[in-house]
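Chemist: My structure is in upload29.txt, and what it holds is compact mmCIF, C-alpha atoms:
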```
# COMPACT_ATOMS: atom_id res chain seq x y z
CA MET A 72 114.02 49.44 12.69
CA ASN A 73 114.71 51.39 9.51
CA PRO A 74 118.19 53.04 9.79
CA ARG A 75 116.68 56.39 8.76
CA HIS A 76 114.55 56.34 11.85
CA TYR A 77 117.69 56.31 13.97
CA LEU A 78 118.58 59.60 12.26
CA TRP A 79 115.26 61.18 13.22
CA ILE A 80 115.59 59.97 16.79
CA LEU A 81 119.18 61.22 16.89
CA LEU A 82 118.05 64.56 15.47
CA SER A 83 115.40 64.90 18.16
CA LEU A 84 117.94 63.99 20.87
CA THR A 85 120.56 66.41 19.52
CA LEU A 86 118.12 69.29 19.23
CA GLY A 87 116.84 68.62 22.73
CA VAL A 88 120.33 68.62 24.25
CA ALA A 89 121.32 71.71 22.25
CA ALA A 90 118.19 73.59 23.30
CA VAL A 91 118.66 72.73 26.98
CA SER A 92 122.34 73.76 26.87
CA LEU A 93 121.55 77.06 25.20
CA SER A 94 118.58 77.69 27.47
CA VAL A 95 120.44 77.26 30.77
CA ASN A 96 123.02 79.79 29.53
CA GLY A 97 120.30 82.28 28.64
CA LEU A 98 121.11 82.19 24.94
CA THR A 99 117.58 81.31 23.87
CA GLN A 100 116.08 84.34 25.64
CA PRO A 101 115.61 86.48 22.47
CA ALA A 102 113.90 83.63 20.63
CA GLU A 103 111.74 82.81 23.67
CA ASN A 104 110.83 86.50 23.96
CA PHE A 105 109.79 86.60 20.33
CA PHE A 106 107.63 83.47 20.44
CA MET A 107 106.12 84.38 23.81
CA SER A 108 104.99 87.73 22.39
CA ILE A 109 103.13 85.84 19.66
CA PHE A 110 101.61 83.00 21.66
CA LEU A 111 101.01 84.78 24.96
CA PRO A 112 97.84 86.65 23.97
CA ILE A 113 96.32 83.42 22.61
CA GLN A 114 97.31 81.43 25.68
CA ARG A 115 96.12 84.16 28.04
CA GLY A 116 92.73 84.36 26.28
CA LEU A 117 92.33 80.59 26.34
CA PHE A 118 93.40 80.37 29.98
CA HIS A 119 90.89 82.99 31.09
CA THR A 120 88.16 81.39 28.96
CA VAL A 121 88.78 77.94 30.36
CA SER A 122 89.20 78.99 34.01
CA PRO A 123 85.50 79.71 34.69
CA VAL A 124 84.50 76.42 33.07
CA VAL A 125 87.00 74.52 35.17
CA GLN A 126 85.83 76.42 38.24
CA PHE A 127 82.17 75.63 37.45
CA VAL A 128 82.83 71.92 37.00
CA ASP A 129 84.97 71.92 40.13
CA ASN A 130 82.18 73.62 42.10
CA LEU A 131 79.61 71.11 40.88
CA GLY A 132 81.74 68.38 42.23
CA ARG A 133 82.04 70.09 45.58
CA ILE A 134 78.36 70.98 46.15
CA GLY A 135 77.99 68.31 48.75
CA SER A 136 80.85 69.63 50.82
CA LEU A 137 80.08 73.35 50.43
CA ALA A 138 77.82 73.61 53.46
CA GLY A 139 80.48 72.05 55.66
CA ASP A 140 83.18 74.24 54.09
CA ASN A 141 81.11 77.36 54.77
CA GLU A 142 80.64 76.51 58.42
CA ARG A 143 84.34 75.76 58.87
CA GLN A 144 85.30 79.01 57.17
CA ARG A 145 82.84 81.01 59.24
CA ARG A 146 84.43 79.64 62.43
CA GLU A 147 87.89 80.35 61.01
CA ILE A 148 86.90 83.94 60.22
CA GLU A 149 85.74 84.41 63.78
CA ARG A 150 89.00 83.02 65.10
CA LEU A 151 91.09 85.16 62.77
CA SER A 152 89.15 88.31 63.66
CA ALA A 153 90.03 87.77 67.29
CA GLU A 154 93.63 87.11 66.28
CA VAL A 155 93.72 90.37 64.29
CA VAL A 156 92.60 92.31 67.36
CA ARG A 157 95.28 90.64 69.46
CA LEU A 158 97.98 91.27 66.86
CA ARG A 159 97.05 94.93 66.64
CA GLU A 160 97.67 95.20 70.37
CA VAL A 161 101.01 93.48 69.91
CA GLU A 162 101.84 95.78 67.03
CA ALA A 163 101.08 98.85 69.11
CA GLU A 164 103.26 97.55 71.94
CA ASN A 165 106.03 96.77 69.46
CA GLU A 166 105.92 100.30 68.13
CA ARG A 167 106.25 101.72 71.62
CA LEU A 168 109.25 99.51 72.34
CA ARG A 169 110.87 100.48 69.06
CA VAL A 170 110.64 104.14 69.96
CA LEU A 171 111.96 103.41 73.44
CA VAL A 172 115.15 101.55 72.38
CA ASP A 173 115.63 103.69 69.23
CA TYR A 174 116.58 101.03 66.74
CA LYS A 175 116.00 100.94 63.05
CA THR A 176 113.25 98.63 61.81
CA LYS A 177 114.41 95.82 59.57
CA ASN A 178 111.11 95.40 57.84
CA PRO A 179 111.36 96.95 54.41
CA GLN A 180 108.56 99.07 53.04
CA TRP A 181 107.85 97.07 50.00
CA GLN A 182 106.90 98.48 46.67
CA PHE A 183 105.25 95.94 44.47
CA THR A 184 103.39 95.52 41.23
CA MET A 185 100.23 93.44 41.01
CA ALA A 186 100.27 90.65 38.47
CA ASP A 187 97.60 88.23 37.28
CA VAL A 188 98.37 84.56 36.85
CA ILE A 189 97.91 83.73 33.18
CA GLY A 190 99.39 80.26 33.04
CA ARG A 191 100.40 77.32 35.14
CA GLU A 192 103.06 74.67 34.72
CA PRO A 193 101.76 72.37 31.99
CA GLY A 194 103.43 69.23 33.34
CA ASN A 195 104.19 67.47 36.61
CA LEU A 196 107.92 68.14 36.72
CA MET A 197 108.09 71.65 38.07
CA ARG A 198 106.02 74.01 40.13
CA SER A 199 105.74 77.33 38.37
CA ILE A 200 103.24 79.90 37.18
CA THR A 201 103.26 82.54 34.46
CA VAL A 202 102.20 86.09 35.33
CA ASP A 203 101.27 88.96 33.06
CA LYS A 204 103.95 91.43 34.07
CA GLY A 205 107.42 91.55 32.53
CA THR A 206 110.41 93.77 31.93
CA LYS A 207 108.24 96.50 30.45
CA ASP A 208 106.50 96.70 33.85
CA GLY A 209 109.72 96.83 35.83
CA VAL A 210 109.87 93.13 36.66
CA MET A 211 113.32 91.55 36.55
CA GLU A 212 114.68 88.07 36.89
CA GLY A 213 115.30 87.23 40.53
CA MET A 214 112.56 89.43 41.98
CA VAL A 215 110.57 87.97 44.83
CA VAL A 216 106.88 87.21 44.45
CA MET A 217 104.43 87.18 47.34
CA SER A 218 100.72 87.07 48.01
CA ASN A 219 99.61 89.29 50.89
CA GLY A 220 102.76 88.74 52.87
CA ASN A 221 103.05 85.03 52.03
CA LEU A 222 106.03 83.93 49.99
CA VAL A 223 105.04 82.58 46.58
CA GLY A 224 108.38 82.25 44.83
CA LYS A 225 110.85 84.00 42.61
CA VAL A 226 110.90 85.28 39.03
CA THR A 227 113.12 82.94 37.02
CA LYS A 228 112.51 84.37 33.56
CA ALA A 229 111.27 87.82 32.66
CA TYR A 230 110.03 88.51 29.15
CA ALA A 231 108.73 91.80 27.83
CA HIS A 232 105.14 91.33 29.03
CA ALA A 233 105.20 88.17 31.09
CA SER A 234 107.33 86.38 33.64
CA LYS A 235 107.76 82.85 34.87
CA VAL A 236 107.71 82.41 38.63
CA LEU A 237 109.26 79.37 40.27
CA LEU A 238 107.13 78.49 43.28
CA VAL A 239 108.61 77.89 46.71
CA THR A 240 107.17 74.34 46.51
CA ASP A 241 109.38 73.44 43.54
CA SER A 242 112.14 70.94 44.26
CA SER A 243 114.81 73.38 43.07
CA SER A 244 113.66 76.10 45.47
CA ALA A 245 115.70 76.83 48.62
CA VAL A 246 114.97 79.72 50.99
CA ASN A 247 116.86 80.77 54.11
CA ALA A 248 114.26 80.74 56.85
CA ILE A 249 113.73 81.30 60.53
CA ILE A 250 111.14 80.04 63.00
CA GLN A 251 109.32 83.12 64.20
CA ARG A 252 108.92 81.99 67.81
CA SER A 253 112.30 80.48 68.65
CA ARG A 254 114.43 82.24 65.98
CA ALA A 255 115.88 78.86 64.96
CA MET A 256 117.39 79.06 61.51
CA GLY A 257 117.40 76.67 58.61
CA VAL A 258 116.78 76.31 54.91
CA VAL A 259 113.33 75.57 53.50
CA GLN A 260 113.43 73.42 50.40
CA GLY A 261 110.60 72.57 48.06
CA GLN A 262 109.74 68.94 47.40
CA GLY A 263 107.38 69.19 44.49
CA HIS A 264 104.22 69.28 46.60
CA SER A 265 102.68 71.51 49.26
CA GLN A 266 104.80 70.08 52.08
CA LEU A 267 108.18 71.75 52.35
CA ALA A 268 111.25 70.53 54.19
CA MET A 269 113.14 72.82 56.56
CA ARG A 270 116.64 71.45 56.91
CA TYR A 271 119.84 72.30 58.80
CA VAL A 272 118.00 73.28 61.97
CA ALA A 273 120.39 72.81 64.88
CA GLN A 274 119.62 69.87 67.17
CA GLY A 275 119.50 72.08 70.26
CA GLU A 276 116.71 74.24 68.91
CA VAL A 277 113.26 73.67 70.38
CA VAL A 278 110.68 73.46 67.64
CA GLN A 279 106.97 73.06 68.23
CA LEU A 280 104.18 72.03 65.92
CA ASP A 281 102.34 74.98 64.35
CA ASP A 282 105.41 77.22 64.66
CA LEU A 283 105.40 79.80 61.89
CA VAL A 284 108.32 79.79 59.45
CA VAL A 285 109.28 83.06 57.78
CA THR A 286 112.08 84.20 55.50
CA SER A 287 115.19 85.22 57.44
CA GLY A 288 116.70 87.56 54.87
CA LEU A 289 120.06 85.78 55.15
CA GLY A 290 121.93 85.50 51.89
CA GLY A 291 120.06 88.45 50.44
CA GLY A 292 117.92 86.29 48.16
CA PHE A 293 114.64 87.10 49.86
CA PRO A 294 113.53 89.94 52.14
CA SER A 295 112.96 88.95 55.74
CA GLY A 296 109.55 88.46 57.29
CA LEU A 297 107.61 86.79 54.49
CA LEU A 298 105.53 83.88 55.75
CA ILE A 299 106.55 80.56 54.23
CA GLY A 300 104.43 78.12 56.19
CA GLN A 301 103.75 76.27 59.41
CA VAL A 302 105.56 73.36 61.04
CA THR A 303 103.51 70.16 60.89
CA ASN A 304 106.12 67.57 61.85
CA VAL A 305 109.55 67.44 63.44
CA LYS A 306 112.03 64.70 62.45
CA HIS A 307 114.34 64.57 65.39
CA ASP A 308 117.15 62.01 65.41
CA ASP A 309 119.85 62.31 68.04
CA VAL A 310 122.52 60.80 65.83
CA GLU A 311 121.98 63.39 63.14
CA LEU A 312 123.68 66.76 63.15
CA PHE A 313 120.51 68.64 62.31
CA GLN A 314 116.78 68.29 62.71
CA GLU A 315 114.44 68.28 59.76
CA LEU A 316 111.01 69.86 59.88
CA VAL A 317 108.01 69.33 57.68
CA VAL A 318 106.46 72.69 56.81
CA GLN A 319 103.04 73.06 55.26
CA ALA A 320 103.24 75.88 52.71
CA ALA A 321 101.13 78.89 53.68
CA ILE A 322 99.52 79.12 50.27
CA GLN A 323 99.09 76.88 47.30
CA GLY A 324 100.89 78.81 44.62
CA GLU A 325 99.21 76.94 41.81
CA LYS A 326 95.75 78.00 42.97
CA LEU A 327 96.54 81.71 42.98
CA THR A 328 94.92 84.04 40.49
CA SER A 329 96.99 87.12 41.32
CA VAL A 330 100.28 87.88 43.06
CA GLN A 331 102.50 90.81 43.98
CA VAL A 332 106.02 91.17 42.61
CA ILE A 333 108.25 93.09 45.02
CA THR A 334 110.04 95.61 42.86
CA ASN A 335 112.15 97.55 45.39
CA PHE A 336 113.97 94.51 46.74
CA ILE A 337 116.81 93.51 44.47
CA PRO A 338 118.23 90.14 45.51
CA ALA A 339 121.93 90.01 46.19
CA LYS A 340 123.96 87.94 43.77
CA LEU A 341 126.57 86.15 45.81
CA PRO A 342 129.61 84.63 44.10
CA MET B 109 101.55 65.44 6.91
CA ALA B 110 101.05 68.83 5.34
CA LEU B 111 102.69 71.62 7.32
CA TYR B 112 99.57 73.74 7.20
CA ILE B 113 97.83 71.00 9.20
CA LEU B 114 100.75 69.96 11.39
CA LEU B 115 101.69 73.39 12.76
CA PRO B 116 98.21 74.52 13.85
CA THR B 117 97.56 71.05 15.33
CA LEU B 118 100.79 71.22 17.30
CA LEU B 119 99.98 74.71 18.50
CA LEU B 120 96.45 73.71 19.49
CA THR B 121 97.76 70.69 21.38
CA ALA B 122 100.28 72.85 23.25
CA LEU B 123 97.66 75.49 24.05
CA VAL B 124 95.15 72.92 25.30
CA GLN B 125 97.83 71.42 27.53
CA THR B 126 99.05 74.75 28.91
CA ALA B 127 95.67 76.48 29.23
CA PHE B 128 93.31 73.62 30.10
CA PHE B 129 95.20 70.62 31.43
CA SER B 130 97.46 72.83 33.56
CA GLN B 131 94.36 73.64 35.64
CA VAL B 132 92.88 70.15 35.64
CA SER B 133 94.25 67.16 37.44
CA PHE B 134 93.22 63.53 37.73
CA LEU B 135 94.53 61.55 40.69
CA GLY B 136 96.43 64.76 41.52
CA ILE B 137 98.29 64.55 38.22
CA LYS B 138 98.12 66.73 35.11
CA PRO B 139 97.72 64.74 31.88
CA ASP B 140 100.46 64.99 29.27
CA LEU B 141 98.61 65.65 26.05
CA MET B 142 101.75 66.28 24.00
CA LEU B 143 103.24 62.96 25.08
CA ILE B 144 100.07 61.08 24.13
CA ALA B 145 99.86 62.88 20.78
CA THR B 146 103.54 62.34 19.97
CA ALA B 147 103.48 58.62 20.78
CA GLY B 148 100.15 58.07 19.04
CA TRP B 149 101.19 59.95 15.93
CA ALA B 150 104.55 58.18 15.74
CA ILE B 151 102.76 54.82 15.83
CA MET B 152 100.20 55.88 13.22
CA ARG B 153 102.38 57.85 10.86
CA GLY B 154 105.96 56.78 11.44
CA VAL B 155 109.03 58.05 13.22
CA LYS B 156 109.72 60.99 10.92
CA GLU B 157 106.39 62.68 11.62
CA GLY B 158 106.61 61.66 15.28
CA ALA B 159 109.99 63.41 15.47
CA LEU B 160 108.40 66.64 14.22
CA TRP B 161 105.87 66.39 17.03
CA ALA B 162 108.61 65.69 19.56
CA ILE B 163 110.84 68.57 18.42
CA LEU B 164 108.32 71.30 17.73
CA GLY B 165 105.72 70.19 20.26
CA GLY B 166 108.33 69.88 22.99
CA LEU B 167 109.67 73.37 22.31
CA LEU B 168 106.16 74.83 22.37
CA ILE B 169 105.39 73.21 25.73
CA ASP B 170 108.65 74.50 27.22
CA LEU B 171 107.80 78.06 26.18
CA PHE B 172 105.08 78.04 28.81
CA SER B 173 106.90 75.89 31.32
CA GLY B 174 109.38 76.81 34.04
CA ALA B 175 111.72 74.10 32.76
CA PRO B 176 114.66 74.88 30.43
CA LEU B 177 113.77 75.13 26.76
CA GLY B 178 114.43 71.79 25.10
CA ARG B 179 113.65 69.70 28.16
CA SER B 180 110.38 68.38 26.72
CA THR B 181 111.98 67.65 23.34
CA LEU B 182 114.69 65.68 25.10
CA ALA B 183 112.12 63.85 27.21
CA LEU B 184 109.95 63.02 24.18
CA THR B 185 112.88 61.45 22.30
CA PRO B 186 112.79 58.14 24.23
CA VAL B 187 109.02 58.14 23.64
CA LEU B 188 109.71 58.36 19.95
CA ALA B 189 112.28 55.56 20.10
CA LEU B 190 109.87 53.33 22.04
CA ALA B 191 107.08 54.00 19.53
CA ALA B 192 109.45 53.06 16.70
CA MET B 193 110.54 49.82 18.43
CA ALA B 194 106.97 48.94 19.38
CA GLN B 195 105.94 48.83 15.75
CA MET B 196 108.15 45.79 15.31
CA VAL B 197 106.06 43.89 17.83
CA GLY B 198 103.39 41.72 16.23
CA VAL B 199 100.29 43.50 17.52
CA GLU B 200 97.60 44.06 14.93
CA SER B 201 95.76 46.87 16.64
CA ARG B 202 97.62 50.18 16.60
CA PHE B 203 95.24 51.44 19.25
CA LEU B 204 96.24 48.71 21.70
CA LEU B 205 99.86 49.31 20.77
CA SER B 206 99.40 53.00 21.55
CA LEU B 207 97.96 52.19 24.98
CA GLY B 208 100.97 50.06 25.87
CA VAL B 209 103.50 52.50 24.46
CA ILE B 210 101.97 55.50 26.22
CA PHE B 211 101.89 53.68 29.56
CA ILE B 212 105.57 52.71 29.40
CA SER B 213 106.81 55.87 27.71
CA THR B 214 105.35 58.02 30.49
CA PHE B 215 107.99 56.51 32.79
CA LEU B 216 110.68 57.28 30.22
CA TYR B 217 109.38 60.83 29.83
CA GLU B 218 109.25 61.55 33.56
CA GLY B 219 112.61 59.85 34.10
CA THR B 220 114.36 61.81 31.36
CA SER B 221 112.86 65.08 32.63
CA ARG B 222 114.21 64.41 36.10
CA LEU B 223 117.57 63.41 34.70
CA VAL B 224 117.79 66.87 33.12
CA LEU B 225 117.18 68.37 36.58
CA GLN B 226 119.73 66.09 38.22
CA VAL B 227 122.37 67.04 35.63
CA ARG B 228 121.74 70.64 36.66
CA ASN B 229 122.39 69.70 40.31
CA ILE B 230 118.75 70.07 41.27
CA PRO B 231 117.86 67.39 43.84
CA VAL B 232 115.39 64.77 42.65
CA ALA B 233 113.47 62.35 44.87
CA TRP B 234 113.54 59.37 42.51
CA GLY B 235 111.51 57.00 44.66
CA TYR B 236 108.76 59.54 45.28
CA SER B 237 108.77 60.60 41.62
CA LEU B 238 108.45 57.02 40.38
CA LEU B 239 105.67 56.01 42.75
CA TRP B 240 103.64 59.18 43.15
CA ILE B 241 104.16 61.00 39.88
CA ALA B 242 105.28 58.65 37.09
CA LEU B 243 102.90 55.79 37.92
CA PRO B 244 99.74 57.94 38.30
CA SER B 245 100.83 59.89 35.19
CA ALA B 246 101.09 56.64 33.23
CA LEU B 247 97.57 55.66 34.33
CA VAL B 248 96.09 59.08 33.58
CA ASN B 249 97.80 59.32 30.18
CA THR B 250 96.63 55.82 29.26
CA MET B 251 93.05 56.67 30.26
CA LEU B 252 93.17 59.80 28.10
CA THR B 253 94.55 57.91 25.07
CA PRO B 254 91.22 56.78 23.54
CA PRO B 255 89.78 60.26 22.82
CA VAL B 256 93.16 61.59 21.71
CA TYR B 257 93.76 58.55 19.50
CA TRP B 258 90.30 59.01 17.95
CA ALA B 259 91.08 62.66 17.17
CA LEU B 260 94.48 61.78 15.69
CA HIS B 261 92.96 58.98 13.65
CA HIS B 262 90.57 61.43 12.01
CA LEU B 263 93.37 63.89 11.46
CA ARG B 264 95.67 61.41 9.74
CA THR B 265 93.28 60.99 6.84
CA ARG B 266 93.90 64.62 5.93
CA GLY B 267 97.64 64.27 5.60
CA SER B 268 99.76 62.61 2.95
CA PRO B 269 100.24 58.85 3.10
CA ALA B 270 102.53 57.85 5.90
CA LYS B 271 106.18 57.32 5.09
CA GLY B 272 108.51 55.24 7.20
CA ILE B 273 107.84 51.87 8.71
CA THR B 274 105.07 49.94 7.02
CA PHE B 275 103.50 47.37 9.20
CA THR B 276 104.18 43.85 8.00
CA ARG B 277 103.45 40.54 9.55
CA GLU B 278 106.11 37.84 9.46
```
When written as structure tokens, how does the structure in this file appear?
Modeler:
Amino acid sequence: MNPRHYLWILLSLTLGVAAVSLSVNGLTQPAENFFMSIFLPIQRGLFHTVSPVVQFVDNLGRIGSLAGDNERQRREIERLSAEVVRLREVEAENERLRVLVDYKTKNPQWQFTMADVIGREPGNLMRSITVDKGTKDGVMEGMVVMSNGNLVGKVTKAYAHASKVLLVTDSSSAVNAIIQRSRAMGVVQGQGHSQLAMRYVAQGEVVQLDDLVVTSGLGGGFPSGLLIGQVTNVKHDDVELFQELVVQAAIQGEKLTSVQVITNFIPAKLP
Amino acid sequence: MALYILLPTLLLTALVQTAFFSQVSFLGIKPDLMLIATAGWAIMRGVKEGALWAILGGLLIDLFSGAPLGRSTLALTPVLALAAMAQMVGVESRFLLSLGVIFISTFLYEGTSRLVLQVRNIPVAWGYSLLWIALPSALVNTMLTPPVYWALHHLRTRGSPAKGITFTRE
């Protein structure tokens, strides 16, 4: 190989390492902000132009299964309607009990801003989306993102008019969680696909399949009560200190077209 | 290659990857257009021009990614090195060479990307990543190489003559 080519390869390597080092320390933020403000409108336009085409082609491929999907969804709607009625009864009872024992509710009244998804992770390494709200809209790094009460993820970078959201399914995501039924606690970690792992659940805790997993609020990183997913498998080994659960994420973050950024919950920054 | 051709081509490649291929998956995997273009161009036009693709193209991709800026540039560097080494192999067809390089360099790309995460203390499932992400990615990227190579081949005739390694047979 020509010695000069080593120089070009070394240059590429050096620039890559330098950029990563500066980026993790937040020093590239002004430059990223500048370039995002230029490329974002183009990317957003292209994304919205391409989405219907992709959707159309996707639908063509699924024509054969649509009838079956419709029937399944109709039955699911009927089941959920009955569940809504039941939950309203439970909610009413809960309210009566709350008044009776006179304790303060822990559920925050969230204020949020709606945001459209304008980009998705271009590669296979991470699980993230780009939304069209940024610092000018009151969105800050660290804010929690949800979709109708389901946890989506967290804002990792906020630019002037856009933000990057790391999804709960990403392998670097970790959320303090609790099983709604048994109140067993643990940490839900992303694994790079729609199945999450809930770890550090005490061995004595009884966990059942289909148990709902919600955010616990511990650590102050996420508000409590956001649905994360449902238990689909329990890895129980007596010699281990903790059990590990497989949790199916409640929503597929990468399929979302809009989300809500909770703006009145500021995550605690622990040392 | 003239800058007035290189920069818009790089930008278009990045936009197509972030706006189109981010929504499309084959075998559950998103194709890596920038990797294919970088490797293909490095084989066609030499390491110097390939390095421009790796540096600028990688930075553009990372602007729209959740990964740290510079991660893609770092991950494309081994791709560049492999493309440079591959040109010393006695294969007449650059197209076939591109297919082989892109298949192998996908593993290098995915591996380097995960190494960046590991260095930042983010847990990486290496076995899962190798079997269920890198291998399907290599297949998908190789399948996508022909149309991309065809487009690059037409583009190269617009630029200046390639500098760098000239292909010789011993």
Chemist: Pick out the chain A residues within 7 Å of chain B. Count only C-alpha atoms. Give them as an NGL selection string.
Modeler: :A and (72-73 or 76 or 79-80 or 83-84 or 87-88 or 90-91 or 94-95 or 103 or 107 or 114 or 117-118 or 121 or 190-195 or 197 or 199 or 235 or 237 or 242-243)
Chemist: Report the distance between CA of Val258 (chain A) and CA of Tyr271 (chain A) in Å, rounded to one decimal place.
Modeler: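 Answer for the CA of Val258 (chain A) to CA of Tyr271 (chain A) separation: 6.4 Å.
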Chemist: Please, what distance in Å, to one decimal, runs between CA of Ile250 (chain A) and CA of Val284 (chain A)?
Modeler: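 Separating CA of Ile250 (chain A) from CA of Val284 (chain A) is a distance of 4.5 Å.
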Chemist: So for region 174-186 of chain B, what box centre and size do we get, axis-aligned, 4 Å extra on each of the six sides, every listed atom, Å to one decimal, as JSON?
Modeler:
```
{"center_x": 112.0, "center_y": 67.5, "center_z": 28.2, "size_x": 13.3, "size_y": 26.7, "size_z": 19.7}
```
Chemist: Go through A:Glu325, A:Glu154, A:Asp282, A:Glu315 and flag the residue nearest Thr240 (chain A), using only C-alpha atoms for the distances.
Modeler: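 Checking each of A:Glu325, A:Glu154, A:Asp282, A:Glu315 against Thr240 (chain A), counting only C-alpha atoms, the winner is A:Glu325.
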Chemist: Please indicate the distance in Å from CA of Asn304 (chain A) to CA of Leu316 (chain A), rounded to one decimal place.
Modeler: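 Result for CA of Asn304 (chain A) versus CA of Leu316 (chain A): 5.7 Å, one decimal.
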Chemist: Env of Asp203 (chain A): 9 Å cut, atoms = only C-alpha atoms, seq-sep filter 6 positions within chain, self excluded. Answer as a PyMOL selection string.
Modeler: chain A and resi 115+186-190+232-234
Chemist: Counting all atoms listed in the file, find residues at most 8 Å from (110.7, 85.7, 58.7) (file frame) and give them as a ChimeraX atom specification.
Modeler: /A:248-251,284-288,295-299
Chemist: Could you extract region 287-293 of chain A of the given structure into a file holding all heavy atoms, as a PDB file, in the first residue's frame?
Modeler:
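Below is the file that was written, result_24.pdb:
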```
ATOM      1  N   SER A 287     -41.056   3.464  38.162  1.00  0.00           N
ATOM      2  CA  SER A 287     -41.252   3.554  39.615  1.00  0.00           C
ATOM      3  C   SER A 287     -41.039   4.974  40.131  1.00  0.00           C
ATOM      4  O   SER A 287     -41.498   5.309  41.211  1.00  0.00           O
ATOM      5  CB  SER A 287     -40.285   2.606  40.329  1.00  0.00           C
ATOM      6  OG  SER A 287     -38.944   3.005  40.086  1.00  0.00           O
ATOM      7  N   GLY A 288     -40.312   5.781  39.361  1.00  0.00           N
ATOM      8  CA  GLY A 288     -40.017   7.131  39.833  1.00  0.00           C
ATOM      9  C   GLY A 288     -38.774   7.198  40.699  1.00  0.00           C
ATOM     10  O   GLY A 288     -38.297   8.289  41.042  1.00  0.00           O
ATOM     11  N   LEU A 289     -38.215   6.027  41.053  1.00  0.00           N
ATOM     12  CA  LEU A 289     -37.007   6.022  41.884  1.00  0.00           C
ATOM     13  C   LEU A 289     -35.835   6.604  41.106  1.00  0.00           C
ATOM     14  O   LEU A 289     -35.703   6.380  39.908  1.00  0.00           O
ATOM     15  CB  LEU A 289     -36.644   4.582  42.267  1.00  0.00           C
ATOM     16  CG  LEU A 289     -37.337   3.985  43.480  1.00  0.00           C
ATOM     17  CD1 LEU A 289     -36.780   2.590  43.749  1.00  0.00           C
ATOM     18  CD2 LEU A 289     -37.147   4.859  44.712  1.00  0.00           C
ATOM     19  N   GLY A 290     -35.008   7.334  41.783  1.00  0.00           N
ATOM     20  CA  GLY A 290     -33.846   7.929  41.126  1.00  0.00           C
ATOM     21  C   GLY A 290     -34.150   9.275  40.511  1.00  0.00           C
ATOM     22  O   GLY A 290     -33.241  10.053  40.205  1.00  0.00           O
ATOM     23  N   GLY A 291     -35.428   9.563  40.313  1.00  0.00           N
ATOM     24  CA  GLY A 291     -35.809  10.864  39.783  1.00  0.00           C
ATOM     25  C   GLY A 291     -35.579  11.052  38.292  1.00  0.00           C
ATOM     26  O   GLY A 291     -35.744  12.148  37.776  1.00  0.00           O
ATOM     27  N   GLY A 292     -35.210   9.979  37.593  1.00  0.00           N
ATOM     28  CA  GLY A 292     -34.941  10.116  36.161  1.00  0.00           C
ATOM     29  C   GLY A 292     -36.200  10.127  35.314  1.00  0.00           C
ATOM     30  O   GLY A 292     -36.235  10.712  34.232  1.00  0.00           O
ATOM     31  N   PHE A 293     -37.223   9.424  35.807  1.00  0.00           N
ATOM     32  CA  PHE A 293     -38.493   9.322  35.099  1.00  0.00           C
ATOM     33  C   PHE A 293     -39.618   9.509  36.102  1.00  0.00           C
ATOM     34  O   PHE A 293     -39.491   9.097  37.253  1.00  0.00           O
ATOM     35  CB  PHE A 293     -38.633   7.947  34.442  1.00  0.00           C
ATOM     36  CG  PHE A 293     -37.633   7.670  33.350  1.00  0.00           C
ATOM     37  CD1 PHE A 293     -36.368   7.192  33.654  1.00  0.00           C
ATOM     38  CD2 PHE A 293     -37.954   7.886  32.024  1.00  0.00           C
ATOM     39  CE1 PHE A 293     -35.432   6.948  32.659  1.00  0.00           C
ATOM     40  CE2 PHE A 293     -37.040   7.634  31.016  1.00  0.00           C
ATOM     41  CZ  PHE A 293     -35.773   7.168  31.340  1.00  0.00           C
TER      42      PHE A 293
END
```
